[in-house]
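Structure below is final_10.cif: mmCIF, C-alpha atoms and all ligand atoms.
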data_work
#
loop_
_atom_site.label_atom_id
_atom_site.label_comp_id
_atom_site.auth_asym_id
_atom_site.auth_seq_id
_atom_site.Cartn_x
_atom_site.Cartn_y
_atom_site.Cartn_z
CA MET A 1 63.34 83.84 53.20
CA LYS A 2 65.70 85.63 50.81
CA HIS A 3 64.94 89.18 49.64
CA ILE A 4 64.53 89.65 45.91
CA TYR A 5 66.80 92.75 45.93
CA ASP A 6 69.65 90.55 47.17
CA LEU A 7 69.65 88.74 43.80
CA THR A 8 71.93 89.77 40.96
CA PRO A 9 70.36 89.71 37.46
CA ALA A 10 72.27 86.47 36.75
CA GLU A 11 70.84 84.86 39.90
CA LEU A 12 67.34 86.02 38.97
CA ALA A 13 67.72 84.55 35.47
CA GLU A 14 68.90 81.29 37.04
CA PHE A 15 65.87 81.26 39.36
CA CYS A 16 63.58 81.70 36.34
CA GLU A 17 65.28 78.91 34.45
CA LYS A 18 65.11 76.51 37.41
CA ASN A 19 61.42 77.25 37.92
CA GLY A 20 60.37 76.80 34.31
CA ILE A 21 59.85 80.54 33.79
CA GLU A 22 60.84 81.91 30.37
CA ARG A 23 64.25 83.61 30.62
CA TYR A 24 62.97 86.91 29.17
CA ARG A 25 60.66 87.25 32.17
CA SER A 26 63.66 88.15 34.32
CA GLY A 27 63.96 91.42 32.35
CA GLN A 28 60.30 92.20 33.10
CA ILE A 29 60.85 91.42 36.79
CA LEU A 30 63.89 93.73 36.93
CA ARG A 31 61.89 96.56 35.35
CA TRP A 32 59.19 96.22 38.00
CA MET A 33 61.75 96.13 40.78
CA TYR A 34 63.89 99.05 39.68
CA ARG A 35 61.92 101.26 37.30
CA ARG A 36 58.20 100.87 37.81
CA LYS A 37 57.84 101.66 41.51
CA ALA A 38 56.27 98.33 42.43
CA ASP A 39 55.29 97.94 46.05
CA GLY A 40 55.08 94.16 45.98
CA PHE A 41 54.87 91.15 43.65
CA ASP A 42 51.13 91.73 43.10
CA ASP A 43 52.00 94.93 41.21
CA PHE A 44 53.82 92.93 38.50
CA ASN A 45 50.61 92.91 36.47
CA ASP A 46 52.07 91.98 33.08
CA LEU A 47 53.45 88.74 34.49
CA PRO A 48 51.33 85.58 34.64
CA GLN A 49 49.87 84.66 38.02
CA LYS A 50 52.06 81.54 38.01
CA VAL A 51 55.24 83.67 37.85
CA ARG A 52 54.09 86.02 40.59
CA GLY A 53 53.20 83.01 42.73
CA ALA A 54 56.67 81.50 42.23
CA LEU A 55 58.33 84.78 43.24
CA LYS A 56 56.09 85.17 46.29
CA GLY A 57 56.84 81.63 47.38
CA ALA A 58 60.60 82.15 47.14
CA PHE A 59 61.32 85.75 48.11
CA GLN A 60 60.36 88.64 50.34
CA PHE A 61 59.85 91.88 48.44
CA HIS A 62 60.73 94.60 50.97
CA THR A 63 63.96 94.47 52.94
CA LEU A 64 63.18 97.65 54.86
CA LYS A 65 60.00 98.96 56.48
CA PHE A 66 59.53 102.72 56.28
CA SER A 67 59.41 104.18 59.78
CA GLY A 68 59.44 107.94 59.27
CA ALA A 69 60.70 111.00 57.40
CA GLN A 70 61.88 114.43 58.52
CA ARG A 71 62.10 117.29 56.05
CA SER A 72 64.55 120.15 56.51
CA ALA A 73 62.95 123.58 56.60
CA LEU A 74 66.32 124.99 55.50
CA ASP A 75 67.00 123.19 52.22
CA GLY A 76 64.43 120.45 51.49
CA THR A 77 66.74 117.62 52.57
CA ILE A 78 64.74 114.62 53.79
CA ARG A 79 66.01 112.13 56.34
CA TYR A 80 64.29 108.75 55.86
CA SER A 81 64.24 106.16 58.62
CA PHE A 82 63.64 102.47 58.02
CA THR A 83 63.49 99.36 60.15
CA ALA A 84 65.12 96.18 58.88
CA GLY A 85 63.70 92.70 59.42
CA ASP A 86 65.81 92.21 62.56
CA GLY A 87 64.69 95.55 64.03
CA ALA A 88 67.87 97.44 63.04
CA SER A 89 67.41 101.12 62.33
CA VAL A 90 68.65 102.31 58.91
CA GLN A 91 68.88 105.93 57.75
CA ALA A 92 69.09 107.44 54.26
CA VAL A 93 69.15 111.10 53.24
CA PHE A 94 67.49 112.56 50.13
CA LEU A 95 69.42 115.59 48.87
CA PRO A 96 67.77 117.88 46.31
CA GLN A 97 70.20 120.34 44.75
CA GLY A 98 69.97 122.50 41.66
CA GLY A 99 67.41 120.30 39.89
CA ARG A 100 69.35 117.09 40.59
CA ASN A 101 68.49 114.68 43.37
CA SER A 102 70.90 112.41 45.19
CA VAL A 103 70.51 109.90 47.98
CA CYS A 104 73.11 109.34 50.67
CA ILE A 105 72.80 105.76 51.89
CA SER A 106 74.04 103.81 54.90
CA THR A 107 76.14 100.69 54.43
CA GLN A 108 76.27 99.29 57.97
CA VAL A 109 74.22 99.32 61.17
CA GLY A 110 76.43 101.41 63.44
CA CYS A 111 80.03 102.01 62.44
CA PRO A 112 83.08 100.04 63.56
CA VAL A 113 85.43 102.96 62.83
CA GLY A 114 84.06 105.42 65.40
CA CYS A 115 85.51 108.75 64.23
CA TYR A 116 85.46 111.04 67.25
CA PHE A 117 83.51 113.87 65.55
CA CYS A 118 80.79 111.64 64.09
CA ALA A 119 77.44 110.71 65.66
CA SER A 120 77.25 107.55 63.52
CA GLY A 121 80.52 106.44 65.06
CA ARG A 122 78.85 106.40 68.47
CA VAL A 123 76.29 103.85 67.36
CA LYS A 124 77.63 100.43 68.29
CA PHE A 125 78.41 98.40 65.20
CA ALA A 126 75.84 95.63 64.79
CA ARG A 127 76.19 94.29 61.26
CA ASN A 128 76.72 94.95 57.58
CA LEU A 129 73.74 95.94 55.47
CA THR A 130 72.85 93.56 52.65
CA ARG A 131 72.90 94.45 48.97
CA GLY A 132 69.08 94.61 49.06
CA GLU A 133 68.97 96.87 52.12
CA MET A 134 71.31 99.34 50.41
CA LEU A 135 69.40 99.31 47.12
CA GLU A 136 66.05 99.68 48.82
CA GLN A 137 67.15 102.89 50.55
CA ILE A 138 67.57 104.40 47.07
CA ILE A 139 64.37 102.94 45.66
CA GLN A 140 62.25 103.95 48.65
CA ALA A 141 63.74 107.47 48.68
CA ALA A 142 62.87 107.81 44.97
CA ASN A 143 59.36 106.45 45.43
CA ARG A 144 58.58 108.40 48.58
CA SER A 145 59.93 111.70 47.25
CA SER A 146 58.43 111.07 43.78
CA LYS A 147 61.69 112.34 42.32
CA LYS A 148 64.15 110.86 39.87
CA ILE A 149 67.41 110.00 41.59
CA SER A 150 70.48 110.88 39.55
CA GLY A 151 73.22 110.47 42.14
CA VAL A 152 74.09 108.11 44.98
CA LEU A 153 76.54 108.73 47.81
CA LEU A 154 77.70 105.85 49.97
CA MET A 155 78.43 108.23 52.83
CA GLY A 156 75.74 107.52 55.42
CA MET A 157 76.20 105.39 58.51
CA GLY A 158 79.03 102.86 58.25
CA GLU A 159 82.33 102.37 56.47
CA PRO A 160 81.46 101.06 52.98
CA LEU A 161 84.79 99.34 52.38
CA LEU A 162 84.42 97.23 55.55
CA ASN A 163 81.30 95.76 53.90
CA TYR A 164 83.18 95.21 50.67
CA ASP A 165 81.32 92.30 49.04
CA ASN A 166 77.79 93.64 49.61
CA VAL A 167 78.83 97.18 48.67
CA SER A 168 80.47 96.04 45.48
CA SER A 169 77.37 94.00 44.55
CA ALA A 170 75.12 97.01 45.31
CA LEU A 171 77.40 99.26 43.24
CA SER A 172 77.01 97.05 40.19
CA ALA A 173 73.21 97.27 40.55
CA ILE A 174 73.36 101.05 41.00
CA VAL A 175 75.21 101.58 37.71
CA ASN A 176 73.78 98.67 35.67
CA GLU A 177 71.38 99.90 32.95
CA ASP A 178 68.97 97.01 33.65
CA GLU A 179 68.80 97.89 37.34
CA LEU A 180 69.09 101.46 38.70
CA GLY A 181 71.18 102.71 35.78
CA ILE A 182 72.79 105.71 37.50
CA GLY A 183 75.88 107.12 35.76
CA ARG A 184 79.15 105.99 37.34
CA ARG A 185 80.32 109.58 37.65
CA HIS A 186 77.31 110.31 39.86
CA VAL A 187 78.04 107.53 42.33
CA THR A 188 80.56 108.18 45.11
CA VAL A 189 81.95 105.74 47.65
CA SER A 190 83.40 107.38 50.74
CA THR A 191 86.02 105.71 52.90
CA ALA A 192 87.91 106.60 56.05
CA GLY A 193 90.97 105.20 54.26
CA PHE A 194 91.15 101.40 54.05
CA VAL A 195 94.00 101.09 51.60
CA PRO A 196 93.79 97.39 50.53
CA GLN A 197 90.05 97.72 49.83
CA ILE A 198 90.61 100.96 47.85
CA ASN A 199 93.09 99.07 45.68
CA LYS A 200 90.71 96.13 45.30
CA LEU A 201 87.82 98.41 44.30
CA ALA A 202 90.06 100.17 41.78
CA SER A 203 90.59 96.92 39.89
CA SER A 204 86.99 95.69 40.26
CA GLY A 205 85.60 97.71 37.36
CA ALA A 206 82.94 99.34 39.59
CA GLY A 207 84.08 102.73 38.28
CA ALA A 208 82.34 104.84 40.92
CA ARG A 209 84.04 107.96 42.21
CA LEU A 210 85.99 107.73 45.43
CA ALA A 211 86.03 110.15 48.36
CA ILE A 212 88.69 109.71 51.01
CA SER A 213 87.97 111.13 54.46
CA LEU A 214 91.39 112.52 55.27
CA HIS A 215 90.63 115.24 57.83
CA ALA A 216 94.28 115.97 58.63
CA PRO A 217 97.58 116.77 56.92
CA ASP A 218 99.64 114.56 59.26
CA ASP A 219 99.25 111.37 61.26
CA ALA A 220 99.37 112.96 64.71
CA THR A 221 96.48 115.33 63.93
CA ARG A 222 94.49 112.58 62.23
CA LYS A 223 94.73 110.46 65.39
CA LYS A 224 92.77 113.16 67.24
CA LEU A 225 89.86 112.71 64.81
CA VAL A 226 90.01 109.16 63.44
CA PRO A 227 90.77 106.19 65.72
CA ALA A 228 93.49 103.63 65.13
CA ALA A 229 90.84 101.36 63.61
CA VAL A 230 92.10 102.79 60.31
CA PRO A 231 95.76 101.74 60.47
CA TYR A 232 97.13 103.68 57.48
CA THR A 233 99.14 106.88 57.28
CA VAL A 234 97.80 109.98 55.56
CA ALA A 235 100.43 109.54 52.83
CA GLU A 236 99.33 105.93 52.21
CA ILE A 237 95.67 106.94 52.06
CA VAL A 238 96.29 109.82 49.64
CA SER A 239 98.45 107.60 47.41
CA ALA A 240 95.79 104.88 47.35
CA GLY A 241 93.10 107.46 46.54
CA LEU A 242 95.14 108.92 43.69
CA GLY A 243 95.90 105.40 42.44
CA TYR A 244 92.15 104.70 42.40
CA ALA A 245 91.42 107.90 40.47
CA ARG A 246 94.15 107.13 37.92
CA ALA A 247 92.99 103.52 37.45
CA THR A 248 89.35 104.52 36.95
CA GLY A 249 89.88 107.85 35.18
CA SER A 250 87.69 109.53 37.78
CA ARG A 251 87.90 112.51 40.10
CA LEU A 252 89.22 111.99 43.62
CA THR A 253 87.43 113.87 46.38
CA ILE A 254 89.27 114.56 49.61
CA GLU A 255 86.92 115.19 52.52
CA TYR A 256 88.36 117.37 55.26
CA ILE A 257 86.27 118.08 58.37
CA LEU A 258 87.38 121.42 59.84
CA ALA A 259 87.44 121.32 63.64
CA ALA A 260 88.28 124.62 65.33
CA GLY A 261 91.79 124.70 66.77
CA VAL A 262 92.48 121.09 65.78
CA ASN A 263 93.10 120.99 62.03
CA ASP A 264 91.91 124.37 60.73
CA THR A 265 95.06 126.45 61.26
CA LEU A 266 97.15 128.03 58.53
CA GLN A 267 99.92 125.63 59.44
CA SER A 268 97.57 122.68 58.79
CA ALA A 269 96.61 124.19 55.42
CA GLN A 270 100.28 124.58 54.49
CA GLU A 271 101.04 121.00 55.52
CA LEU A 272 98.08 119.75 53.50
CA VAL A 273 99.41 121.57 50.43
CA LYS A 274 102.81 119.96 50.99
CA LEU A 275 101.31 116.48 51.43
CA LEU A 276 99.16 116.71 48.30
CA GLN A 277 101.76 118.35 46.10
CA GLY A 278 104.17 115.60 47.09
CA CYS A 279 101.78 112.92 45.79
CA MET A 280 99.84 114.53 42.93
CA LYS A 281 100.83 114.76 39.29
CA LYS A 282 100.18 117.93 37.33
CA ASN A 283 96.50 118.60 36.42
CA GLU A 284 95.08 115.67 38.36
CA ASP A 285 91.32 115.85 38.96
CA VAL A 286 91.23 116.23 42.74
CA GLN A 287 88.71 118.26 44.72
CA ILE A 288 89.07 119.05 48.40
CA ASN A 289 85.76 119.43 50.23
CA LEU A 290 86.16 121.41 53.43
CA ILE A 291 83.29 120.68 55.78
CA ALA A 292 82.82 122.67 58.97
CA CYS A 293 82.45 120.17 61.81
CA ASN A 294 78.70 119.81 62.44
CA SER A 295 77.36 120.04 65.95
CA VAL A 296 77.04 116.68 67.65
CA GLU A 297 75.93 116.42 71.26
CA LYS A 298 78.77 116.04 73.80
CA SER A 299 81.40 116.39 71.07
CA ALA A 300 84.82 117.78 71.94
CA PHE A 301 84.98 119.44 68.51
CA ALA A 302 83.60 122.80 67.46
CA SER A 303 82.86 124.30 64.09
CA PRO A 304 85.35 126.97 62.93
CA SER A 305 84.16 130.45 61.93
CA LYS A 306 83.25 131.03 58.29
CA LYS A 307 86.21 133.40 58.08
CA SER A 308 88.76 130.81 59.16
CA ALA A 309 87.25 128.19 56.81
CA ASP A 310 87.57 130.71 53.94
CA ILE A 311 91.19 131.52 54.87
CA PHE A 312 92.00 127.79 54.88
CA ARG A 313 90.32 127.33 51.48
CA ASN A 314 92.05 130.39 50.00
CA LEU A 315 95.47 129.12 50.96
CA LEU A 316 94.81 125.80 49.19
CA SER A 317 93.48 127.64 46.12
CA ARG A 318 96.53 129.92 45.98
CA HIS A 319 98.64 126.78 45.62
CA GLY A 320 96.60 125.57 42.66
CA LEU A 321 94.44 123.05 44.54
CA VAL A 322 90.69 122.87 43.89
CA ALA A 323 88.98 123.40 47.24
CA ILE A 324 85.45 124.32 48.25
CA VAL A 325 83.81 124.96 51.60
CA ARG A 326 80.84 122.62 51.43
CA GLN A 327 77.54 123.93 52.72
CA PRO A 328 75.92 121.64 55.31
CA ARG A 329 72.63 120.00 54.24
CA GLY A 330 69.74 119.10 56.52
CA LYS A 331 71.45 120.46 59.63
CA ASP A 332 68.11 121.11 61.39
CA ILE A 333 67.06 117.45 61.07
CA ARG A 334 70.46 115.96 62.03
CA ALA A 335 71.00 114.76 58.47
CA ALA A 336 74.22 116.68 57.80
CA CYS A 337 77.62 115.06 57.55
CA GLY A 338 78.57 113.27 60.78
CA GLN A 339 75.13 113.75 62.37
CA LEU A 340 73.46 110.54 61.27
CA GLY A 341 73.50 108.84 64.67
CA VAL A 342 70.21 107.40 65.83
S1 LIG A 401 82.78 109.42 59.61
FE1 LIG A 401 82.21 107.57 58.46
S2 LIG A 401 83.77 106.06 59.07
FE2 LIG A 401 83.88 107.70 60.60
S3 LIG A 401 82.47 107.01 62.25
FE3 LIG A 401 81.27 108.31 60.86
S4 LIG A 401 80.30 106.85 59.45
FE4 LIG A 401 82.03 105.77 60.44
#
Translate this structure into structure tokens?
Amino acid sequence: MKHIYDLTPAELAEFCEKNGIERYRSGQILRWMYRRKADGFDDFNDLPQKVRGALKGAFQFHTLKFSGAQRSALDGTIRYSFTAGDGASVQAVFLPQGGRNSVCISTQVGCPVGCYFCASGRVKFARNLTRGEMLEQIIQAANRSSKKISGVLLMGMGEPLLNYDNVSSALSAIVNEDELGIGRRHVTVSTAGFVPQINKLASSGAGARLAISLHAPDDATRKKLVPAAVPYTVAEIVSAGLGYARATGSRLTIEYILAAGVNDTLQSAQELVKLLQGCMKKNEDVQINLIACNSVEKSAFASPSKKSADIFRNLLSRHGLVAIVRQPRGKDIRAACGQLGV
């Protein structure tokens, strides 16, 4: 049986029409699904019994069953675990910060890319998540935390752009006023660098921000961190990312995991400056997030010292680039970047 969150508003309106339900009812149904914290069709109490019965007969309400939550004692981050209908484990992370709350969602079960520093990459790829499974991570995180969600990051387990159709459908629901209604500038899609899909998303009108996981200033260094499953050069990835930002008028984020002795040297910082200055126009809105490699069991990579991360950042800043050393979130509950393996 299909899940109701897999339906676009147009498909829901069509269902209503085909089943003799007044068209305006689809707006009421959407409000219950996305705004009114319903836990099932029986909660839709301003809809006639006949309408609720038709929905129940045609759709399942929940795509994901809640299976647990861990709260960080360090920063209030919450790691939510869910089980999908086929038994797949799905993780989402609630991130409270400065009065705003975001949710980092997974887009696949396992990850086919398998970056060497990432726990998610060790989970064997099983399948893409559906539109409904992605949306329900956000809705359940909002309902369970009792907080308003004002930002969404597609940065959990999986490579979003290898699940392009479902991700793009979920993105339209995330930003659509009649569904989740989250501002485009507060929605970020992260990619390991799939150039054709970046270009496709740029022209799709989705308008979310893009983060490219670059992690290296040159192709030889990147190969130590990101497998050949991403067959594009660093220059191609940066150009595609900048093209996306120009086409959508949005900021480009460049994610750079710092691994001690691998890509955190002054020489790497200088090469990164050279790479970016060779591609960027003056005053482009680009932010480089430096993320100290988080500890993952049996990983060959180690976190650099705070001092060397600061030196790396300072060199980028001296050359006019906007760079920050991002603080890890939820490290004690394995919810930080690259730790979301099961
Ligand atoms: S960093 Fe992203 S793309 Fe790479 S293995 Fe982890 S989840 Fe997959």
Quiz item: Residues at most 6 Å from ligand LIG 401 (chain A), using all atoms listed in the file? Could they come as a PyMOL selection string?
Solution: chain A and resi 111+113-115+118+120-121+157-159+192+338
Quiz item: Which residues come within 7 Å of segment 256-258 of chain A, counting only C-alpha atoms, excluding same-chain residues fewer than 4 positions away, as a list in words?
Solution: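 Here the answer would be Ser213, Leu214, His215, Ala216, Asn263, Asp264, Asn289, Leu290, Ile291, Ala292, Cys293, Ser303 and Pro304 of chain A.
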Self-check item: Polymer residues at most 8 Å from segment 24-33 of chain A, only C-alpha atoms, same-chain spacing of 6 or more positions, as a count of residues only
Solution: 10
Exercise. Would you mind reading off the distance between atom CA of Gly110 of chain A and atom CA of Leu162 of chain A, one decimal, in Å?
Key: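 It comes out at 12.0 Å.
Considering the residues A:Leu276, A:Val187, A:Ala323, A:Ala220 and counting all atoms listed in the file, Ile237 of chain A has its shortest atom-to-atom contact with A:Leu276.
Residue nearest Val230 of chain A within the list A:Pro196, A:Gly207, A:Gly243, A:Gly249: A:Pro196 [criterion: smallest interatomic distance, all atoms listed in the file].
Pairwise distance (atom CA of Tyr80 of chain A, atom CA of Leu129 of chain A) equals 15.9 Å.
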Quiz prompt | Two-atom distance - atom CA of Ile333 of chain A, atom CA of Gly76 of chain A (Å) | solution = 10.4 Å
Quiz item: Neighbours of Asp42 of chain A within 12 Å (all atoms listed in the file; same-chain residues fewer than 3 positions away dropped), as a list in words?
Solution: Ile29, Trp32, Met33, Ala38, Asp39, Asn45, Asp46, Leu47, Pro48, Gln49, Lys50, Val51, Arg52, Gly53, Ala54, Leu55, Lys56 and Phe61 of chain A
Preceding selection exported with C-alpha atoms as a compact mmCIF listing (two decimals), in the frame of the given file:
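What landed in result-v9.txt:
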# COMPACT_ATOMS: atom_id res chain seq x y z
CA ILE A 29 60.85 91.42 36.79
CA TRP A 32 59.19 96.22 38.00
CA MET A 33 61.75 96.13 40.78
CA ALA A 38 56.27 98.33 42.43
CA ASP A 39 55.29 97.94 46.05
CA ASN A 45 50.61 92.91 36.47
CA ASP A 46 52.07 91.98 33.08
CA LEU A 47 53.45 88.74 34.49
CA PRO A 48 51.33 85.58 34.64
CA GLN A 49 49.87 84.66 38.02
CA LYS A 50 52.06 81.54 38.01
CA VAL A 51 55.24 83.67 37.85
CA ARG A 52 54.09 86.02 40.59
CA GLY A 53 53.20 83.01 42.73
CA ALA A 54 56.67 81.50 42.23
CA LEU A 55 58.33 84.78 43.24
CA LYS A 56 56.09 85.17 46.29
CA PHE A 61 59.85 91.88 48.44
Quiz prompt | Non-local contacts of Val195 of chain A (9 Å; all atoms listed in the file; under 5 positions in same chain excluded) as an MDAnalysis selection string | solution = chainID A and resid 200 232 236:237 239:241
Quiz prompt | Spatial neighbours of Arg71 of chain A, 12 Å, all atoms listed in the file, chain gap at least 3 places, as a ChimeraX atom specification | solution = /A:68,74-81,93-96,145,329-335
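For the choices A:Arg326, A:Lys298, A:Arg209, A:Lys274, the atom-to-atom distance to Ala119 of chain A is smallest for A:Lys298 when using all atoms listed in the file.
Nearest residue to Leu315 of chain A, choosing from A:Asp218, A:Glu271, A:Asp165, A:Asp285 and counting only C-alpha atoms: A:Glu271.
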Quiz prompt | Radius query 6 Å about (77.1, 97.1, 58.6), atoms used: only C-alpha atoms, as JSON, numbers by chain | solution = {"A": [107, 108, 109, 127, 128, 129]}
Practice problem: Could you tell me which of A:Asn19, A:Asn199, A:Thr8, A:Thr265 comes closest to Ile174 of chain A if we count all atoms listed in the file? | Solution: A:Thr8
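Across A:Lys223, A:Lys147, A:Arg23, A:Arg184, the tightest approach to Asn101 of chain A is made by A:Lys147 when counting only C-alpha atoms.
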Counting all atoms listed in the file, write as a compact mmCIF listing (two decimals) with C-alpha atoms, in the frame of the given file all protein and nucleic acid residues lying at most 6 Å from (68.8, 104.2, 59.9) in the file's frame.
# COMPACT_ATOMS: atom_id res chain seq x y z
CA SER A 81 64.24 106.16 58.62
CA PHE A 82 63.64 102.47 58.02
CA SER A 89 67.41 101.12 62.33
CA VAL A 90 68.65 102.31 58.91
CA GLN A 91 68.88 105.93 57.75
What does segment 68-80 of chain A look like written to a file with N, CA and C atoms, as an mmCIF file, in the first residue's frame?
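Saved to out-v4.cif:
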data_model
loop_
_atom_site.group_PDB
_atom_site.id
_atom_site.type_symbol
_atom_site.label_atom_id
_atom_site.label_comp_id
_atom_site.auth_asym_id
_atom_site.auth_seq_id
_atom_site.Cartn_x
_atom_site.Cartn_y
_atom_site.Cartn_z
ATOM 1 N N GLY A 68 14.007 4.771 18.522
ATOM 2 C CA GLY A 68 14.843 5.215 19.637
ATOM 3 C C GLY A 68 15.427 6.594 19.413
ATOM 4 N N ALA A 69 15.864 7.213 20.518
ATOM 5 C CA ALA A 69 16.489 8.539 20.428
ATOM 6 C C ALA A 69 17.617 8.612 21.442
ATOM 7 N N GLN A 70 18.708 9.252 21.054
ATOM 8 C CA GLN A 70 19.822 9.495 21.979
ATOM 9 C C GLN A 70 20.068 10.991 22.001
ATOM 10 N N ARG A 71 20.191 11.544 23.202
ATOM 11 C CA ARG A 71 20.394 12.989 23.321
ATOM 12 C C ARG A 71 21.820 13.269 23.767
ATOM 13 N N SER A 72 22.485 14.184 23.105
ATOM 14 C CA SER A 72 23.857 14.533 23.464
ATOM 15 C C SER A 72 23.878 15.337 24.756
ATOM 16 N N ALA A 73 24.752 14.923 25.673
ATOM 17 C CA ALA A 73 24.920 15.685 26.913
ATOM 18 C C ALA A 73 25.755 16.933 26.639
ATOM 19 N N LEU A 74 26.407 16.983 25.482
ATOM 20 C CA LEU A 74 27.309 18.099 25.178
ATOM 21 C C LEU A 74 26.576 19.309 24.614
ATOM 22 N N ASP A 75 25.601 19.055 23.707
ATOM 23 C CA ASP A 75 25.013 20.202 23.005
ATOM 24 C C ASP A 75 23.530 20.051 22.658
ATOM 25 N N GLY A 76 22.856 19.037 23.223
ATOM 26 C CA GLY A 76 21.410 18.902 22.991
ATOM 27 C C GLY A 76 21.032 18.288 21.656
ATOM 28 N N THR A 77 22.027 17.927 20.853
ATOM 29 C CA THR A 77 21.743 17.231 19.588
ATOM 30 C C THR A 77 21.013 15.914 19.896
ATOM 31 N N ILE A 78 20.041 15.568 19.060
ATOM 32 C CA ILE A 78 19.331 14.293 19.276
ATOM 33 C C ILE A 78 19.456 13.440 18.015
ATOM 34 N N ARG A 79 19.879 12.211 18.215
ATOM 35 C CA ARG A 79 19.953 11.271 17.089
ATOM 36 C C ARG A 79 18.706 10.384 17.148
ATOM 37 N N TYR A 80 17.856 10.481 16.120
ATOM 38 C CA TYR A 80 16.640 9.672 16.067
ATOM 39 C C TYR A 80 16.876 8.458 15.174
#
